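K.L.:
Structure supplied as target.cif; contents: mmCIF, C-alpha atoms.
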```cif
data_input
loop_
_atom_site.label_atom_id
_atom_site.label_comp_id
_atom_site.auth_asym_id
_atom_site.auth_seq_id
_atom_site.Cartn_x
_atom_site.Cartn_y
_atom_site.Cartn_z
CA MET D 1 -76.99 -12.60 -79.82
CA HIS D 2 -74.48 -9.95 -78.80
CA ARG D 3 -72.98 -10.03 -75.35
CA ILE D 4 -73.87 -6.96 -73.27
CA ASP D 5 -70.95 -5.60 -71.24
CA VAL D 6 -71.79 -4.43 -67.75
CA GLY D 7 -69.75 -1.40 -66.75
CA LEU D 8 -68.26 -0.82 -63.35
CA PRO D 9 -70.31 1.31 -60.97
CA PRO D 10 -68.87 4.53 -59.57
CA THR D 11 -66.76 3.79 -56.52
CA PHE D 12 -66.01 5.92 -53.48
CA PRO D 13 -62.59 4.91 -52.14
CA LEU D 14 -61.79 5.61 -48.52
CA PRO D 15 -59.13 8.24 -47.80
CA THR D 16 -55.52 7.11 -47.58
CA VAL D 17 -52.57 8.30 -45.51
CA PRO D 18 -49.84 10.39 -47.19
CA LEU D 19 -46.28 9.16 -46.73
CA ARG D 20 -45.31 12.02 -44.41
CA ASP D 21 -48.26 11.22 -42.11
CA ALA D 22 -47.56 7.49 -42.31
CA THR D 23 -44.00 8.11 -41.17
CA ALA D 24 -45.28 10.15 -38.23
CA THR D 25 -47.66 7.30 -37.38
CA GLN D 26 -44.76 4.83 -37.34
CA PHE D 27 -42.79 7.09 -35.01
CA ARG D 28 -45.81 7.49 -32.71
CA LEU D 29 -46.19 3.71 -32.46
CA LEU D 30 -42.61 3.45 -31.25
CA GLU D 31 -43.23 6.23 -28.72
CA CYS D 32 -46.18 4.23 -27.37
CA THR D 33 -44.02 1.11 -27.29
CA ALA D 34 -41.35 2.89 -25.25
CA ARG D 35 -43.96 3.88 -22.67
CA HIS D 36 -44.91 0.26 -21.98
CA PHE D 37 -41.73 -1.73 -22.62
CA GLU D 38 -38.26 -1.58 -21.16
CA GLY D 39 -35.68 -2.28 -23.83
CA GLN D 40 -34.78 -5.81 -22.82
CA GLN D 41 -38.45 -6.82 -22.68
CA LEU D 42 -38.60 -6.46 -26.46
CA PHE D 43 -36.20 -9.41 -26.79
CA ALA D 44 -37.96 -11.85 -24.44
CA ALA D 45 -41.48 -13.18 -24.18
CA ASP D 46 -43.37 -15.30 -21.67
CA SER D 47 -46.24 -17.77 -22.02
CA GLY D 48 -49.15 -19.01 -19.99
CA VAL D 49 -52.02 -17.81 -17.84
CA VAL D 50 -50.17 -15.54 -15.44
CA PRO D 51 -52.04 -15.25 -12.09
CA GLY D 52 -53.79 -11.91 -11.81
CA LEU D 53 -53.52 -11.26 -15.56
CA GLY D 54 -55.01 -14.39 -17.12
CA ARG D 55 -52.60 -14.06 -20.04
CA PRO D 56 -48.84 -13.66 -20.61
CA ARG D 57 -47.22 -10.47 -19.28
CA THR D 58 -45.80 -9.74 -22.74
CA THR D 59 -49.25 -10.02 -24.29
CA ALA D 60 -50.61 -7.60 -21.70
CA ARG D 61 -47.85 -5.11 -22.51
CA VAL D 62 -48.55 -5.29 -26.24
CA GLU D 63 -52.25 -4.78 -25.53
CA ALA D 64 -51.36 -1.67 -23.51
CA VAL D 65 -49.30 -0.34 -26.43
CA LEU D 66 -52.21 -0.87 -28.83
CA ALA D 67 -54.74 0.79 -26.53
CA ASP D 68 -52.38 3.75 -26.15
CA PHE D 69 -51.65 3.96 -29.87
CA PHE D 70 -55.31 3.80 -30.93
CA SER D 71 -56.42 6.12 -28.09
CA CYS D 72 -58.95 3.72 -26.61
CA GLU D 73 -59.61 2.33 -23.15
CA ALA D 74 -58.40 -1.22 -23.65
CA ALA D 75 -57.26 -3.86 -26.13
CA ALA D 76 -57.41 -7.66 -26.19
CA LEU D 77 -55.41 -9.88 -28.49
CA VAL D 78 -57.38 -12.92 -29.65
CA GLN D 79 -56.92 -16.04 -31.73
CA GLY D 80 -58.81 -16.43 -35.00
CA ALA D 81 -57.47 -13.30 -36.72
CA GLY D 82 -60.11 -10.82 -37.89
CA THR D 83 -62.94 -13.31 -37.84
CA GLY D 84 -62.10 -14.28 -34.26
CA ALA D 85 -61.93 -10.64 -33.22
CA ILE D 86 -65.35 -9.86 -34.71
CA ARG D 87 -66.85 -12.97 -33.13
CA ALA D 88 -65.37 -12.12 -29.73
CA ALA D 89 -66.59 -8.51 -29.82
CA LEU D 90 -70.12 -9.34 -31.00
CA THR D 91 -70.40 -12.14 -28.44
CA ALA D 92 -69.37 -9.70 -25.72
CA ALA D 93 -71.70 -6.94 -26.91
CA VAL D 94 -74.93 -8.40 -28.28
CA ARG D 95 -77.15 -10.86 -26.43
CA SER D 96 -78.37 -13.93 -28.29
CA GLY D 97 -81.59 -13.15 -30.11
CA GLY D 98 -81.09 -9.42 -29.64
CA PRO D 99 -81.50 -6.94 -32.50
CA LEU D 100 -78.43 -5.70 -34.39
CA LEU D 101 -78.53 -2.91 -36.96
CA ILE D 102 -76.42 -3.63 -40.07
CA HIS D 103 -75.90 -2.18 -43.55
CA ARG D 104 -78.20 -3.41 -46.32
CA ALA D 105 -75.64 -5.30 -48.40
CA PRO D 106 -74.24 -8.82 -48.77
CA VAL D 107 -72.54 -9.66 -45.49
CA TYR D 108 -68.92 -10.80 -45.60
CA ARG D 109 -69.06 -14.61 -45.59
CA SER D 110 -67.22 -15.28 -42.32
CA THR D 111 -69.22 -12.56 -40.56
CA GLU D 112 -72.42 -14.15 -41.80
CA VAL D 113 -71.38 -17.38 -40.08
CA THR D 114 -70.72 -15.47 -36.84
CA LEU D 115 -74.10 -13.74 -36.92
CA ARG D 116 -75.87 -17.01 -37.57
CA GLY D 117 -74.02 -18.72 -34.75
CA LEU D 118 -74.83 -15.96 -32.28
CA GLY D 119 -78.49 -16.05 -33.22
CA VAL D 120 -78.81 -12.26 -33.36
CA GLU D 121 -81.74 -10.66 -35.10
CA THR D 122 -80.24 -8.50 -37.85
CA ALA D 123 -82.14 -5.51 -39.22
CA GLU D 124 -80.87 -3.94 -42.42
CA VAL D 125 -80.84 -0.28 -43.37
CA ASP D 126 -79.00 1.40 -46.21
CA PHE D 127 -76.14 3.32 -44.57
CA ASN D 128 -75.81 5.33 -47.80
CA ASP D 129 -79.25 6.82 -47.07
CA ARG D 130 -78.80 9.09 -44.05
CA ARG D 131 -82.53 9.71 -43.68
CA ALA D 132 -83.25 5.96 -43.56
CA LEU D 133 -80.43 5.47 -41.05
CA ASP D 134 -81.74 8.26 -38.80
CA THR D 135 -85.24 6.77 -38.94
CA ALA D 136 -83.96 3.34 -37.91
CA LEU D 137 -81.90 4.81 -35.07
CA ALA D 138 -84.84 6.87 -33.85
CA SER D 139 -86.95 3.73 -33.43
CA ALA D 140 -85.24 3.05 -30.07
CA ARG D 141 -85.17 -0.61 -31.08
CA PHE D 142 -81.40 -1.01 -31.19
CA SER D 143 -78.71 -1.03 -28.54
CA TRP D 144 -75.97 -2.02 -30.99
CA ALA D 145 -75.05 -1.49 -34.65
CA TYR D 146 -72.40 -3.28 -36.69
CA VAL D 147 -70.44 -1.25 -39.24
CA GLN D 148 -68.00 -2.57 -41.83
CA HIS D 149 -65.41 0.15 -42.44
CA THR D 150 -64.54 -0.88 -45.99
CA ARG D 151 -67.11 -1.28 -48.72
CA GLN D 152 -69.57 -4.16 -48.84
CA ARG D 153 -71.00 -3.05 -52.19
CA LEU D 154 -68.89 -1.43 -54.91
CA ALA D 155 -71.18 1.61 -55.02
CA ASP D 156 -71.21 2.20 -51.24
CA SER D 157 -70.53 5.84 -50.47
CA TYR D 158 -71.30 6.26 -46.77
CA ASP D 159 -68.80 7.96 -44.52
CA PRO D 160 -68.05 5.58 -41.63
CA ALA D 161 -67.40 8.54 -39.32
CA GLY D 162 -70.84 9.94 -40.12
CA VAL D 163 -72.55 6.60 -39.51
CA LEU D 164 -70.78 6.21 -36.16
CA ALA D 165 -71.64 9.78 -35.14
CA ALA D 166 -75.32 9.21 -35.96
CA CYS D 167 -75.35 6.01 -33.90
CA ARG D 168 -73.63 7.69 -30.98
CA ALA D 169 -76.08 10.61 -31.05
CA ALA D 170 -78.97 8.11 -30.89
CA GLY D 171 -77.42 6.22 -27.98
CA VAL D 172 -76.68 3.17 -30.13
CA ARG D 173 -73.31 1.55 -29.46
CA THR D 174 -71.17 0.26 -32.32
CA VAL D 175 -68.85 -2.60 -33.26
CA VAL D 176 -66.69 -1.87 -36.33
CA ASP D 177 -65.04 -4.36 -38.64
CA ASP D 178 -61.77 -2.52 -39.38
CA ASN D 179 -60.23 -5.30 -41.44
CA TYR D 180 -58.58 -3.86 -44.57
CA ALA D 181 -58.90 -0.36 -43.06
CA ALA D 182 -56.70 -0.22 -39.95
CA LEU D 183 -53.57 1.86 -40.62
CA ARG D 184 -54.67 2.38 -44.24
CA VAL D 185 -57.14 5.14 -43.42
CA PRO D 186 -56.50 8.18 -41.21
CA ALA D 187 -58.61 6.82 -38.32
CA CYS D 188 -60.15 3.44 -37.50
CA GLY D 189 -63.47 2.81 -35.79
CA VAL D 190 -62.51 3.42 -32.16
CA GLU D 191 -60.63 6.56 -33.17
CA LEU D 192 -63.89 7.76 -34.74
CA GLY D 193 -65.92 7.06 -31.60
CA ALA D 194 -66.94 3.39 -31.94
CA ASP D 195 -67.22 1.20 -28.86
CA ALA D 196 -65.17 -1.58 -30.42
CA SER D 197 -62.87 -2.08 -33.40
CA CYS D 198 -61.97 -5.54 -34.63
CA PHE D 199 -59.29 -6.50 -37.11
CA SER D 200 -56.70 -9.08 -38.07
CA LEU D 201 -53.05 -8.51 -37.23
CA PHE D 202 -52.22 -11.24 -39.74
CA LYS D 203 -53.40 -8.80 -42.42
CA LEU D 204 -50.90 -6.33 -40.95
CA HIS D 205 -47.91 -8.67 -41.38
CA GLY D 206 -48.32 -10.24 -37.94
CA PRO D 207 -48.32 -13.97 -37.18
CA GLU D 208 -51.03 -16.29 -38.42
CA GLY D 209 -54.26 -16.31 -36.47
CA VAL D 210 -53.80 -13.21 -34.30
CA GLY D 211 -56.50 -10.53 -34.13
CA VAL D 212 -57.35 -7.68 -31.82
CA VAL D 213 -60.42 -6.11 -30.23
CA LEU D 214 -59.95 -2.46 -29.28
CA GLY D 215 -62.43 -0.33 -27.41
CA ALA D 216 -64.41 0.34 -24.27
CA HIS D 217 -63.46 -1.41 -21.03
CA ASP D 218 -66.77 -3.24 -20.65
CA VAL D 219 -66.51 -4.83 -24.11
CA VAL D 220 -62.82 -5.72 -23.87
CA ASP D 221 -63.14 -6.99 -20.28
CA ARG D 222 -65.94 -9.31 -21.41
CA VAL D 223 -63.80 -10.54 -24.31
CA ARG D 224 -61.05 -11.40 -21.83
CA ALA D 225 -63.47 -13.03 -19.41
CA ASP D 226 -64.91 -15.21 -22.18
CA ASN D 227 -61.41 -16.16 -23.32
CA TYR D 228 -60.26 -17.58 -19.98
CA SER D 229 -58.76 -20.83 -21.31
CA GLY D 230 -54.98 -21.06 -21.51
CA GLY D 231 -55.26 -22.58 -24.96
CA GLY D 232 -57.12 -19.55 -26.22
CA GLN D 233 -54.47 -17.01 -25.24
CA VAL D 234 -52.22 -15.16 -27.63
CA GLN D 235 -48.80 -16.11 -26.28
CA GLY D 236 -46.10 -13.56 -25.63
CA HIS D 237 -43.96 -14.44 -28.64
CA GLN D 238 -46.98 -14.05 -30.94
CA ALA D 239 -47.83 -10.68 -29.41
CA LEU D 240 -44.25 -9.41 -29.81
CA ASP D 241 -44.16 -10.67 -33.40
CA ALA D 242 -47.36 -8.74 -34.16
CA LEU D 243 -46.00 -5.56 -32.59
CA ARG D 244 -42.72 -5.76 -34.50
CA ALA D 245 -44.63 -6.17 -37.76
CA LEU D 246 -46.81 -3.14 -37.08
CA THR D 247 -43.79 -0.86 -36.89
CA HIS D 248 -43.32 -0.85 -40.67
CA VAL D 249 -46.91 -1.27 -41.83
CA PRO D 250 -48.03 2.41 -41.94
CA VAL D 251 -45.30 3.42 -44.38
CA MET D 252 -45.73 0.25 -46.46
CA TRP D 253 -49.48 0.84 -46.80
CA SER D 254 -48.92 4.46 -47.84
CA VAL D 255 -46.51 3.41 -50.57
CA GLN D 256 -48.92 0.72 -51.76
CA SER D 257 -51.81 3.18 -51.92
CA GLN D 258 -49.74 5.50 -54.11
CA VAL D 259 -48.81 2.64 -56.44
CA ILE D 260 -52.52 1.81 -56.83
CA THR D 261 -53.25 5.44 -57.73
CA ASP D 262 -50.41 5.52 -60.27
CA ALA D 263 -51.39 2.21 -61.86
CA ALA D 264 -55.04 3.31 -62.15
CA ARG D 265 -54.00 6.53 -63.89
CA ARG D 266 -51.86 4.66 -66.42
CA LEU D 267 -54.51 2.04 -67.14
CA ALA D 268 -57.17 4.71 -67.60
CA ALA D 269 -54.84 6.40 -70.11
CA GLY D 270 -54.87 3.24 -72.23
CA GLU D 271 -51.37 1.88 -71.61
CA VAL D 272 -52.58 -1.74 -71.66
CA ARG D 273 -54.55 -3.08 -74.58
CA GLY D 274 -57.60 -5.06 -73.49
CA VAL D 275 -58.52 -2.92 -70.49
CA ALA D 276 -61.96 -1.39 -70.89
CA GLU D 277 -62.31 0.35 -67.54
CA VAL D 278 -60.55 0.74 -64.21
CA ARG D 279 -61.63 1.83 -60.74
CA ILE D 280 -59.96 2.16 -57.37
CA ALA D 281 -62.13 0.54 -54.73
CA ASN D 282 -62.11 -0.74 -51.17
CA ALA D 283 -63.42 -4.12 -52.27
CA GLN D 284 -62.10 -5.80 -49.16
CA ASP D 285 -58.57 -4.41 -49.46
CA ARG D 286 -57.89 -1.20 -51.38
CA CYS D 287 -57.30 -2.43 -54.93
CA LEU D 288 -57.74 -1.91 -58.64
CA LEU D 289 -60.90 -3.18 -60.30
CA VAL D 290 -60.00 -3.83 -63.92
CA ARG D 291 -62.80 -4.53 -66.40
CA LEU D 292 -61.54 -6.29 -69.51
CA ASP D 293 -62.90 -5.87 -73.02
CA ARG D 294 -63.36 -9.64 -73.32
CA PRO D 295 -64.93 -12.13 -70.86
CA VAL D 296 -61.61 -13.68 -69.80
CA ALA D 297 -61.47 -12.60 -66.13
CA ARG D 298 -61.78 -16.17 -64.85
CA HIS D 299 -58.76 -17.21 -66.94
CA LEU D 300 -56.49 -14.28 -66.10
CA PRO D 301 -55.14 -15.21 -62.61
CA PRO D 302 -53.42 -18.50 -63.59
CA VAL D 303 -51.93 -16.87 -66.68
CA ALA D 304 -50.67 -13.90 -64.66
CA ALA D 305 -49.07 -16.35 -62.22
CA ARG D 306 -46.70 -17.42 -65.01
CA TYR D 307 -45.27 -13.92 -64.96
CA GLY D 308 -44.82 -13.72 -61.19
CA ALA D 309 -48.26 -12.69 -59.93
CA ALA D 310 -49.94 -14.30 -56.95
CA PRO D 311 -53.06 -16.11 -58.26
CA TYR D 312 -54.85 -16.16 -54.89
CA PRO D 313 -54.49 -14.49 -51.49
CA VAL D 314 -53.08 -15.90 -48.27
CA GLY D 315 -54.26 -13.31 -45.77
CA SER D 316 -54.89 -10.33 -48.05
CA ASN D 317 -51.75 -8.33 -47.39
CA SER D 318 -50.17 -10.83 -45.03
CA ARG D 319 -46.40 -11.22 -44.68
CA TYR D 320 -46.53 -13.98 -47.30
CA GLU D 321 -47.90 -11.75 -50.04
CA VAL D 322 -45.16 -9.82 -51.82
CA ALA D 323 -46.05 -10.33 -55.50
CA PRO D 324 -48.95 -8.48 -57.14
CA LEU D 325 -52.26 -10.27 -56.60
CA PHE D 326 -54.43 -10.93 -59.67
CA TYR D 327 -57.69 -12.43 -58.43
CA ARG D 328 -61.45 -12.60 -58.82
CA LEU D 329 -63.82 -10.22 -57.07
CA SER D 330 -64.74 -11.17 -53.51
CA GLY D 331 -67.72 -13.39 -52.84
CA SER D 332 -69.73 -10.61 -51.19
CA VAL D 333 -69.08 -8.25 -54.14
CA LEU D 334 -70.14 -10.93 -56.61
CA ASP D 335 -73.29 -11.56 -54.57
CA ASP D 336 -74.15 -7.92 -55.24
CA ALA D 337 -72.83 -7.71 -58.83
CA PRO D 338 -72.64 -11.23 -60.33
CA ALA D 339 -72.52 -9.92 -63.91
CA LEU D 340 -68.95 -8.73 -63.35
CA ALA D 341 -67.55 -12.22 -62.73
CA ASP D 342 -66.47 -12.84 -66.34
CA THR D 343 -65.07 -9.40 -67.14
CA THR D 344 -63.56 -7.93 -63.98
CA VAL D 345 -60.53 -8.81 -61.87
CA ARG D 346 -59.08 -7.15 -58.81
CA ILE D 347 -55.41 -6.35 -58.67
CA ASN D 348 -53.40 -5.43 -55.60
CA PRO D 349 -49.74 -4.44 -56.19
CA MET D 350 -48.71 -5.72 -52.73
CA ARG D 351 -44.97 -4.77 -52.56
CA ALA D 352 -44.52 -4.17 -56.29
CA GLY D 353 -44.49 -0.98 -58.31
CA ASP D 354 -46.89 0.02 -61.04
CA ASP D 355 -44.42 -0.94 -63.82
CA LEU D 356 -44.53 -4.61 -62.81
CA VAL D 357 -48.32 -4.59 -62.40
CA LEU D 358 -48.84 -3.23 -65.91
CA ASP D 359 -46.22 -5.54 -67.41
CA ILE D 360 -47.84 -8.66 -65.95
CA LEU D 361 -51.30 -7.53 -67.07
CA ARG D 362 -50.09 -6.68 -70.57
CA ARG D 363 -48.31 -10.00 -71.08
CA SER D 364 -51.20 -12.01 -69.63
CA LEU D 365 -53.79 -10.37 -71.87
CA THR D 366 -51.55 -10.93 -74.88
CA ASP D 367 -51.38 -14.63 -74.04
CA LEU D 368 -55.16 -14.82 -73.64
CA ARG D 369 -55.71 -13.13 -77.01
CA GLN D 370 -53.40 -15.70 -78.57
CA GLY D 371 -55.18 -18.60 -76.85
CA LYS D 372 -52.25 -19.43 -74.53
CA GLU D 373 -54.32 -20.25 -71.47
CA ASP D 374 -52.55 -23.48 -70.49
#
```
For this file, write the structure as structure tokens.
P.N.:
Amino acid sequence: MHRIDVGLPPTFPLPTVPLRDATATQFRLLECTARHFEGQQLFAADSGVVPGLGRPRTTARVEAVLADFFSCEAAALVQGAGTGAIRAALTAAVRSGGPLLIHRAPVYRSTEVTLRGLGVETAEVDFNDRRALDTALASARFSWAYVQHTRQRLADSYDPAGVLAACRAAGVRTVVDDNYAALRVPACGVELGADASCFSLFKLHGPEGVGVVLGAHDVVDRVRADNYSGGGQVQGHQALDALRALTHVPVMWSVQSQVITDAARRLAAGEVRGVAEVRIANAQDRCLLVRLDRPVARHLPPVAARYGAAPYPVGSNSRYEVAPLFYRLSGSVLDDAPALADTTVRINPMRAGDDLVLDILRRSLTDLRQGKED
């Protein structure tokens, strides 16, 4: 029996930010910082539940910078990275047992745990089908919708801005998962009109475990009220660390996006033997999906690690990840397209250039053809 290869579906990558615009974004972040910090305050940080604030003064200042920068009413730093931010926002917004409109697709695993824990009643509609979305919104059943900015299915094509506009027009408020999108795309959820944006600052080179909820005062105030314990606060030194990291992220992401584009072009032109197909996709992070001409995808990451690649993620573009990542498809993508597990890997250049990415892939596939898997 002959093995039947399953090709990659068409993908619809989200827009990226050109280097000139990314540089302007970096400068704007520093302008916002200067509005909320005096110079010496950037070298010192406090801790504890300050009376009247309920959090460190430094943390409050960083939150003010972020609200200013993202043009929203308020921001709250939280523990638990992106997962903690999503959990905090949904807990603040949606009552237990209440209905929540979501996209018809496999839910990201950690978000699935949050939804189950909150006991919300999820109702699925295909966000790619605008007529179906409008029908669901017109039912007057929903007060809130949850939108993942990046793709849940490889073939997703919906425009997040269009989905948010439709919800807003119907009087349905929105919480957006902006993980893997914030500062990569021209505008995140709250900048497109959402009531709340949630994402990890660890994925933006910040310290481990720090996330943020941006958005409307009522949502953010509830997040703060729920997080009253001193042990749950993001301390001042963590907040400053996250802010410092953000200052270089826009330019770094722009460079990385260009490397992905260049590597995809070269792979599509046939520069590496053994590559059957390549796509750029927002499968979690923006990355390359590389379909191989042999079912060796499960064996590729450990072989690529011999040549300097990272064989697994730490925080998906965290400060720890500098080498190109060669890894399997995400769990939610494989739930939707399990047939790709043996033939397709995702590659993220991280801080590397396209020459190194292609060299590692070429050498790894040569080893696999020669049976050098160990």
K.L.:
Do a neighbour search on Asp195 (chain D) at 7 Å with only C-alpha atoms, toss out local chain neighbours closer than 6 positions, and write the hits as a list in words.
P.N.:
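Within the cut-off, the hits are Arg173, Thr174, Val175, Gly215 and Ala216 of chain D.
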K.L.:
Taking only C-alpha atoms into account, which of D:Ala81, D:Ala269, D:Val275, D:Ala136 comes nearest Phe199 (chain D)?
P.N.:
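Smallest separation from Phe199 (chain D) among the options: D:Ala81.
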K.L.:
Could you please determine the separation between CA of Arg222 (chain D) and CA of Ala64 (chain D) in Å, to one decimal place?
P.N.:
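Atom-to-atom, CA of Arg222 (chain D) and CA of Ala64 (chain D) are spaced 16.6 Å apart.
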K.L.:
Just to confirm, what's the straight-line distance from CA of Val147 (chain D) to CA of Ala89 (chain D) in Å (one decimal)?
P.N.:
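Here the two named atoms are 12.5 Å from each other.
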K.L.:
Check which residues satisfy the PyMOL selection byres ((chain D and resi 233) around 12) in the file shown, then give them as an mmCIF file with C-alpha atoms, keeping the file's coordinate frame.
P.N.:
```cif
data_model
loop_
_atom_site.group_PDB
_atom_site.id
_atom_site.type_symbol
_atom_site.label_atom_id
_atom_site.label_comp_id
_atom_site.auth_asym_id
_atom_site.auth_seq_id
_atom_site.Cartn_x
_atom_site.Cartn_y
_atom_site.Cartn_z
ATOM 1 C CA ASP D 46 -43.370 -15.300 -21.670
ATOM 2 C CA SER D 47 -46.240 -17.770 -22.020
ATOM 3 C CA GLY D 48 -49.150 -19.010 -19.990
ATOM 4 C CA VAL D 49 -52.020 -17.810 -17.840
ATOM 5 C CA VAL D 50 -50.170 -15.540 -15.440
ATOM 6 C CA LEU D 53 -53.520 -11.260 -15.560
ATOM 7 C CA GLY D 54 -55.010 -14.390 -17.120
ATOM 8 C CA ARG D 55 -52.600 -14.060 -20.040
ATOM 9 C CA PRO D 56 -48.840 -13.660 -20.610
ATOM 10 C CA ARG D 57 -47.220 -10.470 -19.280
ATOM 11 C CA THR D 58 -45.800 -9.740 -22.740
ATOM 12 C CA THR D 59 -49.250 -10.020 -24.290
ATOM 13 C CA ALA D 60 -50.610 -7.600 -21.700
ATOM 14 C CA ALA D 76 -57.410 -7.660 -26.190
ATOM 15 C CA LEU D 77 -55.410 -9.880 -28.490
ATOM 16 C CA VAL D 78 -57.380 -12.920 -29.650
ATOM 17 C CA GLN D 79 -56.920 -16.040 -31.730
ATOM 18 C CA GLY D 80 -58.810 -16.430 -35.000
ATOM 19 C CA GLY D 209 -54.260 -16.310 -36.470
ATOM 20 C CA VAL D 210 -53.800 -13.210 -34.300
ATOM 21 C CA GLY D 211 -56.500 -10.530 -34.130
ATOM 22 C CA VAL D 212 -57.350 -7.680 -31.820
ATOM 23 C CA VAL D 223 -63.800 -10.540 -24.310
ATOM 24 C CA ARG D 224 -61.050 -11.400 -21.830
ATOM 25 C CA ALA D 225 -63.470 -13.030 -19.410
ATOM 26 C CA ASP D 226 -64.910 -15.210 -22.180
ATOM 27 C CA ASN D 227 -61.410 -16.160 -23.320
ATOM 28 C CA TYR D 228 -60.260 -17.580 -19.980
ATOM 29 C CA SER D 229 -58.760 -20.830 -21.310
ATOM 30 C CA GLY D 230 -54.980 -21.060 -21.510
ATOM 31 C CA GLY D 231 -55.260 -22.580 -24.960
ATOM 32 C CA GLY D 232 -57.120 -19.550 -26.220
ATOM 33 C CA VAL D 234 -52.220 -15.160 -27.630
ATOM 34 C CA GLN D 235 -48.800 -16.110 -26.280
ATOM 35 C CA GLY D 236 -46.100 -13.560 -25.630
ATOM 36 C CA HIS D 237 -43.960 -14.440 -28.640
ATOM 37 C CA GLN D 238 -46.980 -14.050 -30.940
ATOM 38 C CA ALA D 239 -47.830 -10.680 -29.410
#
```
